[in-house]
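A.B. asks: Below: one structure in structure tokens.
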Amino acid sequence: MRNRNLWLALIGLLAVLALWVDFTETRIEIGFLGLQREIRTVLGLDLQGGIQILLEADAPPNQPVDRGNLEDTRRIIENRVNALGVSEPVVQIAGTRRIVVELPGVTNLEQAVNTIKQTGLLEFVDAGATPIPEGTTIRTSLDLPITGTAPVTATPSPVPTPSLTGTAEVTGTAPLSPTEPIYRTIMTGRNLRSARPQLDQFRQPEVAFTLDAEGTRLFAEYTSRNVGRYLCIVLDKKVISCPVIQEPITQGQGVIRMGSGSTLADAEALAVTLRYGALPVPLKIVDTRNIGPTLGQESIRRSLIAGIIGFSTVALFMILYYRVPGVLAVLALSLYTALVFAIFKLLPVTLTLPGIAGFVLSIGMAVDANILIFERLKEELRAGRDLSMAIDYGFERAWPSIRDSNISTLITCAILYIFGLNFGASMVRGFALTLAIGVAASLFTGIWVTRTFLHALLDRISARVHQGWFGI
């Protein structure tokens, strides 16, 4: 019981801290396992507005764009924006050759463009015997136009030139101008299956990558004939890396070894660029604009009022009908509400209006568990059991019904989340996520917290003497 009360106190402290941060409009930054993140409430596009960016396939108007490739491009853009920390972006296809990207909470247009601009074509380019410096704009054999509205820049801090399965340093050369000869593209990013950062046996950062069947064949043929020559990794006609080929790569797996002085963060940045820069369709930015919240603060205020009214009504019913257990249930429900809100901050969960609706619905489901428990408790008390035993039996006999109902709800949430994920319905996904978190938390508070409250306060009370306290 002592350990249980200690955990209960810690959870209460966490919940109170989450509410204090919100009411005082304070933002807290935490560092855990090398990660730095700000703890705050994250609102969706419908409640706080943001930036909208319109992207279009960078191809001749009369050239059709494959719908499947466009859908793959949409998913890659969404993954890239998520990897860069933008909360719940809306990325959807518009027409036959355009993609609309909406970033909630972003008010700086330049910041939005910098988030999206590396969304073009990834190429592996034959550089010959002379390396090309990072950040250099080149022309390739694909002969695609260079996007002028969203130029891709190199990594902000200079990163030493990497090598493919080698450590040879690269000497600098003068930047090439757009009038220089066109470089041959060996393959594009569509042949890249995965890329991940890691440390080699000497604790030096590197990026391991794998290719699909076609990429494996192309890479094997090229690297077998070009050992000692340079292969540039080019994104949107900008060189992001130019490693030297140390040996033939025939198994579809290779390693880009970072130069001396680079860090694991540099390798992670390169891996993210490789993973999410592999777009089947090259894109250009057509339009950018600020968009206001579709619902805004008024909807937040009304949702808060509705939640308070609903909570108060449920609390009044529980107290009038179940008396003392009802009071304890309301206390547990208050802790549940603050706990779920704290979880939303810590994950974080982007709150949209449908997400708030899922949260409010989960409060009702949390009360449902208490009602089942208290009805069983009353049955045990009527059967003549003492209060402590009646509490335990009531929880044990109510648990199967609570478990089955909550599992069925979680299955429904999973179906809704998968639907929203596959069809770009972020509002449905937000509703499913908040409802699932609420249901999981209600299981914890309904079974563990309420039971702790009942035993802590009622074990020394005679139910036979005070039957009115329990609504009997």
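Letters A, B, ... go to the chains of the structure tokens in the order shown; residues in each chain start at 1; ligands are counted from 1 in the same order.
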Write out as a ChimeraX atom specification which residues come within 8 Å of region 215-222 of chain A when counting only C-alpha atoms, dropping same-chain ones fewer than 2 positions away.
C.D. replies: /A:186-187,191-192,211-213,224-226,248-253
A.B. asks: I'd like the contact shell of Ala195 (chain A) - 12 Å cut-off, only C-alpha atoms, skipping same-chain residues fewer than 5 positions apart - returned as a PDB file with N, CA and C atoms, in the first residue's frame.
C.D. replies:
```pdb
ATOM      1  N   GLY A 189      16.903   8.361 -56.287  1.00  0.00           N
ATOM      2  CA  GLY A 189      16.543   7.958 -54.939  1.00  0.00           C
ATOM      3  C   GLY A 189      15.441   6.919 -54.872  1.00  0.00           C
ATOM      4  N   GLU A 206      28.918   7.022 -39.393  1.00  0.00           N
ATOM      5  CA  GLU A 206      28.757   6.656 -40.793  1.00  0.00           C
ATOM      6  C   GLU A 206      27.277   6.430 -41.072  1.00  0.00           C
ATOM      7  N   VAL A 207      26.934   6.337 -42.342  1.00  0.00           N
ATOM      8  CA  VAL A 207      25.545   6.104 -42.750  1.00  0.00           C
ATOM      9  C   VAL A 207      25.507   4.818 -43.562  1.00  0.00           C
ATOM     10  N   ALA A 208      24.758   3.829 -43.074  1.00  0.00           N
ATOM     11  CA  ALA A 208      24.583   2.569 -43.789  1.00  0.00           C
ATOM     12  C   ALA A 208      23.307   2.653 -44.621  1.00  0.00           C
ATOM     13  N   PHE A 209      23.369   2.206 -45.880  1.00  0.00           N
ATOM     14  CA  PHE A 209      22.194   2.259 -46.747  1.00  0.00           C
ATOM     15  C   PHE A 209      22.022   0.933 -47.475  1.00  0.00           C
ATOM     16  N   THR A 210      20.786   0.670 -47.878  1.00  0.00           N
ATOM     17  CA  THR A 210      20.461  -0.522 -48.670  1.00  0.00           C
ATOM     18  C   THR A 210      19.671  -0.094 -49.899  1.00  0.00           C
ATOM     19  N   LEU A 211      19.798  -0.878 -50.960  1.00  0.00           N
ATOM     20  CA  LEU A 211      19.145  -0.574 -52.228  1.00  0.00           C
ATOM     21  C   LEU A 211      18.182  -1.688 -52.598  1.00  0.00           C
ATOM     22  N   GLY A 252      24.120  -4.590 -52.669  1.00  0.00           N
ATOM     23  CA  GLY A 252      23.026  -3.645 -52.419  1.00  0.00           C
ATOM     24  C   GLY A 252      23.103  -2.974 -51.075  1.00  0.00           C
ATOM     25  N   GLN A 253      24.225  -3.087 -50.388  1.00  0.00           N
ATOM     26  CA  GLN A 253      24.431  -2.455 -49.091  1.00  0.00           C
ATOM     27  C   GLN A 253      25.754  -1.717 -49.105  1.00  0.00           C
ATOM     28  N   GLY A 254      25.769  -0.511 -48.609  1.00  0.00           N
ATOM     29  CA  GLY A 254      26.985   0.279 -48.572  1.00  0.00           C
ATOM     30  C   GLY A 254      27.051   1.144 -47.337  1.00  0.00           C
ATOM     31  N   VAL A 255      28.196   1.753 -47.130  1.00  0.00           N
ATOM     32  CA  VAL A 255      28.417   2.615 -45.979  1.00  0.00           C
ATOM     33  C   VAL A 255      29.052   3.909 -46.453  1.00  0.00           C
ATOM     34  N   ILE A 256      28.456   5.024 -46.068  1.00  0.00           N
ATOM     35  CA  ILE A 256      29.047   6.336 -46.318  1.00  0.00           C
ATOM     36  C   ILE A 256      29.764   6.755 -45.043  1.00  0.00           C
ATOM     37  N   ALA A 267      25.694  12.503 -39.250  1.00  0.00           N
ATOM     38  CA  ALA A 267      25.291  11.275 -39.931  1.00  0.00           C
ATOM     39  C   ALA A 267      23.775  11.118 -39.929  1.00  0.00           C
ATOM     40  N   GLU A 268      23.139  11.470 -38.811  1.00  0.00           N
ATOM     41  CA  GLU A 268      21.671  11.407 -38.747  1.00  0.00           C
ATOM     42  C   GLU A 268      21.031  12.361 -39.744  1.00  0.00           C
ATOM     43  N   ALA A 269      21.598  13.577 -39.852  1.00  0.00           N
ATOM     44  CA  ALA A 269      21.057  14.548 -40.808  1.00  0.00           C
ATOM     45  C   ALA A 269      21.175  14.032 -42.244  1.00  0.00           C
ATOM     46  N   LEU A 270      22.312  13.422 -42.562  1.00  0.00           N
ATOM     47  CA  LEU A 270      22.492  12.871 -43.899  1.00  0.00           C
ATOM     48  C   LEU A 270      21.541  11.705 -44.140  1.00  0.00           C
ATOM     49  N   ALA A 271      21.340  10.843 -43.128  1.00  0.00           N
ATOM     50  CA  ALA A 271      20.436   9.703 -43.274  1.00  0.00           C
ATOM     51  C   ALA A 271      19.000  10.159 -43.496  1.00  0.00           C
ATOM     52  N   VAL A 272      18.565  11.204 -42.745  1.00  0.00           N
ATOM     53  CA  VAL A 272      17.215  11.735 -42.937  1.00  0.00           C
ATOM     54  C   VAL A 272      17.049  12.277 -44.345  1.00  0.00           C
ATOM     55  N   THR A 273      18.079  12.996 -44.835  1.00  0.00           N
ATOM     56  CA  THR A 273      18.024  13.529 -46.190  1.00  0.00           C
ATOM     57  C   THR A 273      17.923  12.409 -47.222  1.00  0.00           C
ATOM     58  N   LEU A 274      18.681  11.333 -47.009  1.00  0.00           N
ATOM     59  CA  LEU A 274      18.637  10.218 -47.945  1.00  0.00           C
ATOM     60  C   LEU A 274      17.298   9.490 -47.896  1.00  0.00           C
ATOM     61  N   ARG A 275      16.786   9.264 -46.689  1.00  0.00           N
ATOM     62  CA  ARG A 275      15.527   8.523 -46.556  1.00  0.00           C
ATOM     63  C   ARG A 275      14.357   9.292 -47.138  1.00  0.00           C
ATOM     64  N   TYR A 276      14.273  10.569 -46.798  1.00  0.00           N
ATOM     65  CA  TYR A 276      13.099  11.338 -47.168  1.00  0.00           C
ATOM     66  C   TYR A 276      13.341  12.268 -48.342  1.00  0.00           C
ATOM     67  N   GLY A 277      14.498  12.156 -48.976  1.00  0.00           N
ATOM     68  CA  GLY A 277      14.731  12.930 -50.181  1.00  0.00           C
ATOM     69  C   GLY A 277      14.499  12.116 -51.428  1.00  0.00           C
ATOM     70  N   ALA A 278      14.200  10.838 -51.235  1.00  0.00           N
ATOM     71  CA  ALA A 278      14.027   9.944 -52.380  1.00  0.00           C
ATOM     72  C   ALA A 278      12.616  10.058 -52.928  1.00  0.00           C
TER      73      ALA A 278
END
```
A.B. asks: Just list as a ChimeraX atom specification whatever in region 210-336 of chain A DSSP marks as alpha helix (DSSP H).
C.D. replies: /A:213-225,264-276,296-322,324-336
A.B. asks: From the options A:Leu381, A:Leu199, A:Leu43, A:Val327, which residue's atoms come nearest to Ala265 (chain A), counting only C-alpha atoms?
C.D. replies: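 The answer is A:Leu199, which sits nearest to Ala265 (chain A).
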A.B. asks: Tell me, as an MDAnalysis selection string, which residues lie within 9 Å of region 437-453 of chain A, counting only C-alpha atoms; anything in the same chain fewer than 2 positions away does not count.
C.D. replies: chainID A and resid 1 4:5 8 325 328:329 331:333 335:337 339:340 343:344 358:363 365:367 369:370 373 391:392 395 399 402:403 406:407 409:410 432:435 455:458
A.B. asks: Next, dump the selected residues to file, keeping only N, CA and C atoms, as a short mmCIF file (atom, residue, chain, number, x, y, z; two decimals), in the first residue's frame.
C.D. replies:
```cif
data_model
loop_
_atom_site.label_atom_id
_atom_site.label_comp_id
_atom_site.auth_asym_id
_atom_site.auth_seq_id
_atom_site.Cartn_x
_atom_site.Cartn_y
_atom_site.Cartn_z
N MET A 1 0.83 -1.20 0.00
CA MET A 1 0.00 0.00 0.00
C MET A 1 0.87 1.26 0.00
N ARG A 4 2.12 1.89 -3.44
CA ARG A 4 1.00 2.36 -4.26
C ARG A 4 0.71 3.83 -4.00
N ASN A 5 0.72 4.24 -2.76
CA ASN A 5 0.48 5.65 -2.43
C ASN A 5 1.59 6.55 -2.96
N LEU A 8 1.03 7.02 -6.58
CA LEU A 8 -0.13 7.89 -6.73
C LEU A 8 0.25 9.35 -6.52
N PRO A 325 -18.36 6.69 -2.17
CA PRO A 325 -17.59 6.19 -3.32
C PRO A 325 -17.67 7.13 -4.52
N LEU A 328 -15.10 9.85 -4.09
CA LEU A 328 -13.76 9.34 -4.40
C LEU A 328 -13.58 9.13 -5.90
N ALA A 329 -14.65 8.71 -6.57
CA ALA A 329 -14.58 8.54 -8.02
C ALA A 329 -14.35 9.87 -8.72
N LEU A 331 -12.77 12.43 -7.42
CA LEU A 331 -11.36 12.77 -7.20
C LEU A 331 -10.46 12.00 -8.17
N ALA A 332 -10.75 10.71 -8.34
CA ALA A 332 -9.95 9.91 -9.28
C ALA A 332 -10.14 10.41 -10.71
N LEU A 333 -11.36 10.83 -11.03
CA LEU A 333 -11.64 11.34 -12.37
C LEU A 333 -10.90 12.66 -12.62
N LEU A 335 -8.03 13.46 -11.23
CA LEU A 335 -6.65 13.06 -11.44
C LEU A 335 -6.46 12.48 -12.84
N TYR A 336 -7.46 11.71 -13.30
CA TYR A 336 -7.41 11.14 -14.65
C TYR A 336 -7.34 12.23 -15.71
N THR A 337 -8.19 13.26 -15.57
CA THR A 337 -8.22 14.34 -16.55
C THR A 337 -6.86 15.05 -16.63
N LEU A 339 -3.98 13.81 -15.66
CA LEU A 339 -2.97 12.86 -16.11
C LEU A 339 -2.96 12.74 -17.64
N VAL A 340 -4.16 12.62 -18.23
CA VAL A 340 -4.23 12.51 -19.69
C VAL A 340 -3.71 13.78 -20.34
N ILE A 343 -0.04 13.61 -20.37
CA ILE A 343 0.44 12.70 -21.42
C ILE A 343 0.42 13.41 -22.77
N PHE A 344 -0.64 14.17 -23.03
CA PHE A 344 -0.72 14.92 -24.29
C PHE A 344 0.47 15.86 -24.44
N GLY A 358 -12.51 13.46 -28.73
CA GLY A 358 -12.12 12.13 -28.27
C GLY A 358 -11.73 12.13 -26.81
N PHE A 359 -11.07 13.17 -26.36
CA PHE A 359 -10.68 13.28 -24.95
C PHE A 359 -11.91 13.37 -24.05
N VAL A 360 -12.89 14.22 -24.43
CA VAL A 360 -14.11 14.37 -23.63
C VAL A 360 -14.88 13.04 -23.59
N LEU A 361 -14.94 12.34 -24.72
CA LEU A 361 -15.62 11.05 -24.76
C LEU A 361 -14.96 10.04 -23.83
N SER A 362 -13.63 10.08 -23.74
CA SER A 362 -12.93 9.14 -22.87
C SER A 362 -13.25 9.39 -21.40
N ILE A 363 -13.59 10.64 -21.04
CA ILE A 363 -13.98 10.93 -19.65
C ILE A 363 -15.25 10.15 -19.31
N MET A 365 -16.21 7.37 -20.61
CA MET A 365 -15.88 5.95 -20.50
C MET A 365 -15.18 5.65 -19.18
N ALA A 366 -14.42 6.61 -18.67
CA ALA A 366 -13.78 6.42 -17.36
C ALA A 366 -14.83 6.32 -16.26
N VAL A 367 -15.89 7.12 -16.36
CA VAL A 367 -16.99 7.06 -15.39
C VAL A 367 -17.71 5.72 -15.49
N ALA A 369 -16.54 2.81 -16.08
CA ALA A 369 -15.83 1.78 -15.30
C ALA A 369 -16.14 1.91 -13.81
N ASN A 370 -16.19 3.14 -13.30
CA ASN A 370 -16.51 3.33 -11.89
C ASN A 370 -17.93 2.88 -11.56
N ILE A 373 -17.99 -0.85 -11.19
CA ILE A 373 -17.33 -1.25 -9.94
C ILE A 373 -18.23 -0.98 -8.73
N ILE A 391 -14.94 -4.32 -1.38
CA ILE A 391 -14.20 -3.52 -2.36
C ILE A 391 -13.42 -4.43 -3.30
N ASP A 392 -12.70 -5.41 -2.73
CA ASP A 392 -11.89 -6.30 -3.55
C ASP A 392 -12.75 -7.16 -4.47
N PHE A 395 -14.26 -5.07 -7.38
CA PHE A 395 -13.31 -4.80 -8.47
C PHE A 395 -13.05 -6.06 -9.30
N TRP A 399 -14.13 -6.38 -13.30
CA TRP A 399 -13.00 -6.28 -14.22
C TRP A 399 -13.26 -6.91 -15.59
N ILE A 402 -15.26 -4.46 -17.71
CA ILE A 402 -14.47 -3.26 -18.01
C ILE A 402 -13.41 -3.58 -19.05
N ARG A 403 -12.72 -4.72 -18.88
CA ARG A 403 -11.66 -5.12 -19.81
C ARG A 403 -12.20 -5.29 -21.23
N ASN A 406 -13.35 -1.94 -22.91
CA ASN A 406 -12.23 -1.05 -23.26
C ASN A 406 -11.38 -1.63 -24.40
N ILE A 407 -11.21 -2.94 -24.44
CA ILE A 407 -10.47 -3.55 -25.54
C ILE A 407 -11.19 -3.33 -26.86
N THR A 409 -13.12 -0.86 -27.60
CA THR A 409 -12.93 0.55 -27.96
C THR A 409 -11.54 0.80 -28.52
N LEU A 410 -10.52 0.18 -27.92
CA LEU A 410 -9.16 0.35 -28.42
C LEU A 410 -9.00 -0.24 -29.83
N ALA A 432 -8.87 9.40 -32.94
CA ALA A 432 -8.58 8.03 -32.51
C ALA A 432 -7.46 8.00 -31.48
N LEU A 433 -6.43 8.83 -31.68
CA LEU A 433 -5.29 8.83 -30.77
C LEU A 433 -5.67 9.33 -29.38
N THR A 434 -6.37 10.45 -29.31
CA THR A 434 -6.75 10.99 -28.00
C THR A 434 -7.72 10.08 -27.27
N LEU A 435 -8.65 9.46 -28.02
CA LEU A 435 -9.58 8.53 -27.39
C LEU A 435 -8.85 7.30 -26.86
N HIS A 455 -9.70 1.94 -0.37
CA HIS A 455 -9.04 1.24 0.74
C HIS A 455 -8.42 2.22 1.74
N ALA A 456 -7.85 3.31 1.24
CA ALA A 456 -7.18 4.25 2.14
C ALA A 456 -8.15 4.95 3.07
N LEU A 457 -9.37 5.20 2.61
CA LEU A 457 -10.30 6.03 3.38
C LEU A 457 -11.44 5.24 4.02
N LEU A 458 -11.75 4.03 3.51
CA LEU A 458 -12.96 3.35 3.97
C LEU A 458 -12.72 2.04 4.68
#
```
A.B. asks: For a quick check of understanding, using only C-alpha atoms, which of A:Leu421, A:Met318, A:Met427, A:Ala59 has the smallest distance to Leu45 (chain A)?
C.D. replies: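 Among the listed residues, the smallest separation from Leu45 (chain A) belongs to A:Met427.
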A.B. asks: For CA of Arg323 (chain A) and CA of Phe341 (chain A), quote the distance in Å rounded to one decimal.
C.D. replies: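 Value for the CA of Arg323 (chain A)-CA of Phe341 (chain A) distance: 27.2 Å.
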